[in-house]
Every structure is written in C-alpha cells, then in structure tokens.
file input-v9.cif (mmCIF, C-alpha atoms (C1' of nucleotides))
data_structure
#
loop_
_atom_site.label_atom_id
_atom_site.label_comp_id
_atom_site.auth_asym_id
_atom_site.auth_seq_id
_atom_site.Cartn_x
_atom_site.Cartn_y
_atom_site.Cartn_z
CA MET A 1 0.00 0.00 0.00
CA GLY A 2 1.61 3.21 -1.16
CA ARG A 3 0.55 6.69 -0.37
CA SER A 4 -2.36 8.13 -2.29
CA PRO A 5 -1.38 10.13 -5.35
CA CYS A 6 -1.55 13.92 -5.09
CA CYS A 7 -4.00 14.01 -7.99
CA GLU A 8 -5.94 11.85 -10.40
CA LYS A 9 -3.10 10.92 -12.75
CA ALA A 10 -5.35 9.41 -15.42
CA HIS A 11 -6.87 12.80 -16.20
CA THR A 12 -3.89 15.12 -15.93
CA ASN A 13 -1.50 16.42 -18.56
CA LYS A 14 2.21 15.94 -18.06
CA GLY A 15 5.32 17.37 -19.62
CA ALA A 16 5.96 20.84 -20.96
CA TRP A 17 3.37 23.55 -20.38
CA THR A 18 1.67 25.12 -23.38
CA LYS A 19 1.16 28.85 -23.85
CA GLU A 20 -2.56 28.35 -23.35
CA GLU A 21 -2.06 26.55 -20.04
CA ASP A 22 0.28 29.31 -18.87
CA ASP A 23 -2.27 31.95 -19.81
CA ARG A 24 -5.03 30.14 -17.96
CA LEU A 25 -2.92 29.78 -14.84
CA ILE A 26 -1.76 33.41 -14.89
CA SER A 27 -5.20 34.84 -15.41
CA TYR A 28 -6.71 32.62 -12.73
CA ILE A 29 -4.10 33.57 -10.13
CA ARG A 30 -4.39 37.25 -11.08
CA SER A 31 -8.08 37.25 -10.36
CA HIS A 32 -8.23 34.77 -7.47
CA GLY A 33 -4.76 34.74 -5.95
CA GLU A 34 -2.68 31.72 -4.90
CA GLY A 35 -5.39 29.87 -3.02
CA CYS A 36 -5.68 26.11 -2.64
CA TRP A 37 -3.34 24.50 -5.17
CA ARG A 38 -5.20 21.22 -5.07
CA SER A 39 -8.47 22.74 -6.25
CA LEU A 40 -6.88 25.39 -8.48
CA PRO A 41 -6.43 23.25 -11.63
CA LYS A 42 -10.10 22.34 -11.74
CA ALA A 43 -11.21 25.89 -10.99
CA ALA A 44 -8.88 27.27 -13.65
CA GLY A 45 -9.90 24.66 -16.20
CA LEU A 46 -6.48 23.01 -16.29
CA LEU A 47 -5.82 19.29 -16.64
CA ARG A 48 -2.82 19.50 -14.36
CA CYS A 49 -1.84 18.36 -10.91
CA GLY A 50 -1.96 21.10 -8.25
CA LYS A 51 1.70 20.60 -7.50
CA SER A 52 2.52 21.07 -11.14
CA CYS A 53 0.59 24.36 -11.21
CA ARG A 54 2.36 25.58 -8.10
CA LEU A 55 5.78 24.72 -9.52
CA ARG A 56 5.01 26.39 -12.82
CA TRP A 57 3.82 29.56 -11.12
CA ILE A 58 6.60 29.75 -8.52
CA ASN A 59 9.42 29.00 -10.91
CA TYR A 60 8.43 30.57 -14.22
CA LEU A 61 5.25 32.63 -14.24
CA ARG A 62 5.54 34.83 -11.16
CA PRO A 63 5.85 38.47 -12.28
CA ASP A 64 8.71 39.27 -9.88
CA LEU A 65 11.12 36.73 -11.32
CA LYS A 66 14.45 38.02 -12.58
CA ARG A 67 15.37 35.29 -15.11
CA GLY A 68 18.47 35.56 -17.24
CA ASN A 69 22.12 34.97 -16.43
CA PHE A 70 23.48 34.95 -12.92
CA THR A 71 25.98 37.71 -12.12
CA ASP A 72 29.40 37.03 -10.60
CA GLU A 73 28.12 38.55 -7.36
CA GLU A 74 25.21 36.12 -7.34
CA ASP A 75 27.60 33.24 -8.07
CA GLU A 76 29.76 34.09 -5.08
CA LEU A 77 26.75 34.65 -2.86
CA ILE A 78 25.34 31.25 -3.77
CA ILE A 79 28.68 29.60 -3.02
CA LYS A 80 28.90 31.32 0.37
CA LEU A 81 25.32 30.51 1.27
CA HIS A 82 25.76 26.90 0.18
CA SER A 83 28.83 26.58 2.40
CA LEU A 84 26.67 27.78 5.30
CA LEU A 85 23.38 26.11 4.59
CA GLY A 86 24.16 23.12 2.38
CA ASN A 87 21.52 22.04 -0.13
CA LYS A 88 18.83 24.25 1.39
CA TRP A 89 17.90 25.71 -1.96
CA SER A 90 14.77 27.46 -0.77
CA LEU A 91 16.72 29.26 1.95
CA ILE A 92 19.41 30.24 -0.54
CA ALA A 93 16.73 31.44 -2.95
CA GLY A 94 15.27 33.55 -0.16
CA ARG A 95 18.48 35.55 -0.14
CA LEU A 96 18.47 36.11 -3.89
CA PRO A 97 15.50 38.29 -4.86
CA GLY A 98 13.89 37.21 -8.12
CA ARG A 99 15.56 33.80 -8.11
CA THR A 100 13.85 30.49 -7.38
CA ASP A 101 15.09 27.42 -5.55
CA ASN A 102 14.76 25.29 -8.68
CA GLU A 103 16.71 27.78 -10.75
CA ILE A 104 19.49 27.99 -8.19
CA LYS A 105 19.59 24.21 -7.79
CA ASN A 106 19.95 23.75 -11.54
CA TYR A 107 22.54 26.50 -11.76
CA TRP A 108 24.51 24.96 -8.94
CA ASN A 109 24.52 21.50 -10.51
CA THR A 110 25.46 22.71 -13.97
CA HIS A 111 27.75 25.71 -13.45
CA ILE A 112 28.93 26.27 -9.91
CA ARG A 113 29.84 22.68 -9.13
CA ARG A 114 32.19 22.68 -12.08
CA LYS A 115 33.51 26.12 -11.22
CA LEU A 116 34.45 24.95 -7.72
CA LEU A 117 35.98 21.73 -9.01
CA ASN A 118 38.12 23.80 -11.38
CA ARG A 119 39.27 25.83 -8.39
CA GLY A 120 40.17 22.58 -6.64
CA ILE A 121 37.36 22.93 -4.11
CA ASP A 122 35.00 20.13 -3.19
CA PRO A 123 31.51 21.49 -3.96
CA THR A 124 29.95 19.44 -1.16
CA THR A 125 32.30 20.24 1.71
CA HIS A 126 33.79 23.50 0.35
CA ARG A 127 37.19 22.17 1.30
CA PRO A 128 40.20 21.84 -0.99
CA ILE A 129 40.15 18.53 -2.81
CA ASN A 130 43.86 17.83 -2.14
CA GLY A 131 44.08 17.62 1.64
CA PRO A 132 41.70 19.36 4.00
CA SER A 133 43.80 22.21 5.40
CA SER A 134 41.29 24.18 7.38
CA HIS A 135 42.68 27.64 6.60
CA GLU A 136 41.95 27.13 2.92
CA VAL A 137 38.28 26.46 3.46
CA THR A 138 36.04 28.90 1.64
CA THR A 139 35.76 31.80 4.04
CA ILE A 140 32.49 33.35 4.99
CA SER A 141 32.61 37.12 4.86
CA PHE A 142 29.27 37.76 6.46
CA GLY A 143 27.10 36.40 9.25
CA SER A 144 27.40 33.09 11.03
CA ALA A 145 25.42 29.89 10.74
CA ALA A 146 23.68 30.73 13.99
CA HIS A 147 22.79 34.17 12.70
CA MET A 148 21.40 32.67 9.50
CA LYS A 149 19.30 30.30 11.57
CA GLU A 150 17.87 33.22 13.55
CA GLU A 151 16.91 35.01 10.34
CA GLU A 152 15.26 31.85 9.07
CA GLU A 153 13.13 31.73 12.23
CA GLU A 154 12.28 35.40 11.82
CA THR A 155 11.18 34.85 8.22
CA ARG A 156 9.03 31.96 9.34
CA ARG A 157 7.41 34.13 12.03
CA ARG A 158 6.77 36.94 9.56
CA SER A 159 5.09 34.69 7.03
CA LYS A 160 2.94 33.25 9.80
CA ASP A 161 1.89 36.73 10.89
CA HIS A 162 1.18 37.64 7.29
CA LYS A 163 -1.28 34.77 6.97
CA LEU A 164 -3.29 35.95 10.02
"C1'" DA B 165 25.42 17.62 -43.58
"C1'" DA B 166 24.94 13.99 -40.17
"C1'" DC B 167 25.82 12.05 -35.94
"C1'" DG B 168 26.79 11.49 -31.06
"C1'" DG B 169 28.01 13.25 -26.68
"C1'" DA B 170 27.75 17.06 -23.42
"C1'" DC B 171 25.22 20.50 -21.50
"C1'" DA B 172 21.22 23.27 -19.72
"C1'" DC B 173 16.95 23.57 -17.84
"C1'" DA B 174 11.98 22.42 -17.20
"C1'" DA B 175 9.28 19.24 -14.90
"C1'" DC B 176 8.15 15.14 -12.09
"C1'" DC B 177 8.51 12.08 -7.99
"C1'" DG B 178 8.38 11.00 -3.44
"C1'" DC B 179 9.41 12.22 1.23
"C1'" DC B 180 8.95 15.47 5.03
"C1'" DT B 181 6.61 19.15 7.47
"C1'" DT B 182 2.78 21.73 8.82
"C1'" DG B 183 -1.85 22.72 9.99
"C1'" DC B 184 -6.38 21.25 10.83
"C1'" DT B 185 -9.92 18.24 12.89
"C1'" DG C 186 -2.09 13.01 20.75
"C1'" DA C 187 -3.43 10.67 16.31
"C1'" DG C 188 -4.64 10.79 11.67
"C1'" DC C 189 -5.18 12.98 7.45
"C1'" DA C 190 -4.71 16.41 3.70
"C1'" DA C 191 -2.13 19.78 1.53
"C1'" DG C 192 1.98 22.36 0.83
"C1'" DG C 193 6.92 22.58 0.40
"C1'" DC C 194 11.29 20.86 -0.68
"C1'" DG C 195 15.33 18.35 -2.62
"C1'" DG C 196 16.73 14.79 -5.72
"C1'" DT C 197 16.30 13.03 -10.11
"C1'" DT C 198 14.87 12.46 -14.81
"C1'" DG C 199 13.47 13.79 -19.57
"C1'" DT C 200 14.14 16.48 -23.44
"C1'" DG C 201 15.73 20.11 -26.36
"C1'" DT C 202 19.90 22.53 -27.89
"C1'" DC C 203 24.70 23.16 -28.73
"C1'" DC C 204 29.13 21.81 -30.29
"C1'" DG C 205 32.86 19.02 -31.81
"C1'" DT C 206 34.09 15.38 -35.02
#

call {"tool": "encode", "arguments": {"input": "input-v9.cif", "output": "structure tokens"}}
result
Amino acid sequence: MGRSPCCEKAHTNKGAWTKEEDDRLISYIRSHGEGCWRSLPKAAGLLRCGKSCRLRWINYLRPDLKRGNFTDEEDELIIKLHSLLGNKWSLIAGRLPGRTDNEIKNYWNTHIRRKLLNRGIDPTTHRPINGPSSHEVTTISFGSAAHMKEEEEETRRRSKDHKL
DNA sequence: AACGGACACAACCGCCTTGCT
DNA sequence: GAGCAAGGCGGTTGTGTCCGT
C-alpha cells in the first residue's frame, strides 16, 4: 500500500506547459490569488496536478522573477550561502531576490559545481580537494550559521503573521 | 550535412513538514 | 495526541539545444 497520489493521474497532462495553459494559470491567479493548489487546476480549467501548477507559477510565471544569467556577485553569494546552509535551496533562494530554488539548484549543478571543481574545491564540503587544510576552506565574509538560523526563524514568524 | 556526446533547464517524484480536525 | 490532507522541498529524470568530429 503506497501513499495516495496527489491528484488523479489518469486525467492530468504531463510534460511541458503550453502557452494556453500558462495563460489560464496566470489569469486565474491574477483574479483569485494563490489559493488552494489542489483545487486550483479544476477551478482554472487546467488538466494539471496542483503541485505542477504551483511549480510552474513559482518557478516561471511569477511576475517578480528576474530570469536571465546569474551575475558574478550572485555566483559568489550562492557559493557562500551553500557553504553555510548546504543544499537548502529554498533558503538560498530567499536571499536572492527574483531567483527560485529550482533555478538555483539547476545553476549549482550545472555551473557552480564545475567552477568549484576547477578551483580545486569540493563542492559538497567546500574544502580543498587535495588535503583538508582548514585555513583554505572557503571563508564566509558575512554572518554566522547561527545568525542565518535566527533570520530563518524570523522569516518563518513573519510569514505566519502575514497569513493571520 | 549527419551524428553522437555534453550540457542546460523544465518538470516530475516521493518524502517530510505543517496545519487542521 | 493521532490521523489525514495539503503544501513545500530536494533529488532526479526527460528532453531540447549546442558543439565538436
């Protein structure tokens, strides 16, 4: 017995989104807001899973997205944040306005990993690949892990307040 | 021009967390 | 406190494009 599926798979589209589906989703969210994702597809007339709609909106259709190439500053920031937080892509994305967790995750796996390897740095541990001499570890020029944790809590509190 | 491998990115899957009853 | 539903997240896969041969 597995867990129940998040939606009725037999009647949902999969794969790339069409322009028409995008338009439907955008116009529905513009007039109704991001309500219940599970019921949204039906209400918007989409044959998609709610999760799929959410992902599409969050990652590609939101009006405040930056898109386009990452700057060197963003590169370095991502590396620093990753050394602090690990694979917490949503937290990292929270520090990069206009960027999404999925976008950063992809960018990390395709560009930054290789960049670090070229520098002789292990992308997982942020330590030099040839011998872990602690002074060579990627240095953090701002904040501490504890400080980051505090801010995470604060963000959580704010979003909770916002909902009330 | 054709082919195959590498690369980039959109999307899905399944687990975990959170909130409600 | 237990159980369930829904949302959120990270890992992974699928597919289109680019580039070298």

call {"tool": "resolve_selection", "arguments": {"input": "input-v9.cif", "expression": "the PyMOL selection byres ((chain B) within 10 of (chain A))", "output": "PyMOL selection string"}}
result
chain B and resi 171-176+178

call {"tool": "interface_residues", "arguments": {"input": "input-v9.cif", "of": "chain A", "to": "chain C", "cutoff": "8 Å", "atoms": "all atoms listed in the file", "output": "VMD selection string"}}
result
chain A and resid 38 87 to 90

call {"tool": "atom_distance", "arguments": {"input": "input-v9.cif", "atom1": "atom C1' of DC177 of chain B", "atom2": "atom CA of Pro41 of chain A"}}
result
19.0 Å

call {"tool": "atom_distance", "arguments": {"input": "input-v9.cif", "atom1": "atom CA of Lys105 of chain A", "atom2": "atom CA of Asp75 of chain A"}}
result
12.1 Å

call {"tool": "atom_distance", "arguments": {"input": "input-v9.cif", "atom1": "atom CA of Asp64 of chain A", "atom2": "atom CA of Gly98 of chain A"}}
result
5.8 Å

call {"tool": "build_atoms", "arguments": {"input": "input-v9.cif", "residues": "segment 46-60 of chain A", "atoms": "N, CA and C atoms", "output": "PDB file, keeping the file's coordinate frame"}}
result
ATOM      1  N   LEU A  46      -7.744  23.615 -15.856  1.00  0.00           N
ATOM      2  CA  LEU A  46      -6.480  23.010 -16.290  1.00  0.00           C
ATOM      3  C   LEU A  46      -6.465  21.520 -15.976  1.00  0.00           C
ATOM      4  N   LEU A  47      -5.962  20.728 -16.901  1.00  0.00           N
ATOM      5  CA  LEU A  47      -5.820  19.290 -16.640  1.00  0.00           C
ATOM      6  C   LEU A  47      -4.420  19.021 -16.115  1.00  0.00           C
ATOM      7  N   ARG A  48      -4.144  19.627 -14.971  1.00  0.00           N
ATOM      8  CA  ARG A  48      -2.820  19.500 -14.360  1.00  0.00           C
ATOM      9  C   ARG A  48      -2.970  19.190 -12.882  1.00  0.00           C
ATOM     10  N   CYS A  49      -1.925  18.612 -12.333  1.00  0.00           N
ATOM     11  CA  CYS A  49      -1.840  18.360 -10.910  1.00  0.00           C
ATOM     12  C   CYS A  49      -1.585  19.694 -10.199  1.00  0.00           C
ATOM     13  N   GLY A  50      -2.148  19.860  -8.997  1.00  0.00           N
ATOM     14  CA  GLY A  50      -1.960  21.100  -8.250  1.00  0.00           C
ATOM     15  C   GLY A  50      -0.496  21.424  -8.010  1.00  0.00           C
ATOM     16  N   LYS A  51       0.261  20.397  -7.722  1.00  0.00           N
ATOM     17  CA  LYS A  51       1.700  20.600  -7.500  1.00  0.00           C
ATOM     18  C   LYS A  51       2.367  21.154  -8.737  1.00  0.00           C
ATOM     19  N   SER A  52       1.942  20.646  -9.875  1.00  0.00           N
ATOM     20  CA  SER A  52       2.520  21.070 -11.140  1.00  0.00           C
ATOM     21  C   SER A  52       2.210  22.554 -11.386  1.00  0.00           C
ATOM     22  N   CYS A  53       0.991  22.957 -11.049  1.00  0.00           N
ATOM     23  CA  CYS A  53       0.590  24.360 -11.210  1.00  0.00           C
ATOM     24  C   CYS A  53       1.436  25.252 -10.303  1.00  0.00           C
ATOM     25  N   ARG A  54       1.569  24.808  -9.060  1.00  0.00           N
ATOM     26  CA  ARG A  54       2.360  25.580  -8.100  1.00  0.00           C
ATOM     27  C   ARG A  54       3.781  25.774  -8.593  1.00  0.00           C
ATOM     28  N   LEU A  55       4.398  24.679  -9.040  1.00  0.00           N
ATOM     29  CA  LEU A  55       5.780  24.720  -9.520  1.00  0.00           C
ATOM     30  C   LEU A  55       5.914  25.664 -10.709  1.00  0.00           C
ATOM     31  N   ARG A  56       4.965  25.553 -11.618  1.00  0.00           N
ATOM     32  CA  ARG A  56       5.010  26.390 -12.820  1.00  0.00           C
ATOM     33  C   ARG A  56       4.918  27.863 -12.443  1.00  0.00           C
ATOM     34  N   TRP A  57       4.004  28.168 -11.530  1.00  0.00           N
ATOM     35  CA  TRP A  57       3.820  29.560 -11.120  1.00  0.00           C
ATOM     36  C   TRP A  57       5.038  30.079 -10.371  1.00  0.00           C
ATOM     37  N   ILE A  58       5.472  29.332  -9.364  1.00  0.00           N
ATOM     38  CA  ILE A  58       6.600  29.750  -8.520  1.00  0.00           C
ATOM     39  C   ILE A  58       7.867  29.942  -9.358  1.00  0.00           C
ATOM     40  N   ASN A  59       8.134  28.995 -10.232  1.00  0.00           N
ATOM     41  CA  ASN A  59       9.420  29.000 -10.910  1.00  0.00           C
ATOM     42  C   ASN A  59       9.483  29.786 -12.219  1.00  0.00           C
ATOM     43  N   TYR A  60       8.339  29.958 -12.887  1.00  0.00           N
ATOM     44  CA  TYR A  60       8.430  30.570 -14.220  1.00  0.00           C
ATOM     45  C   TYR A  60       7.429  31.674 -14.512  1.00  0.00           C
TER      46      TYR A  60
END
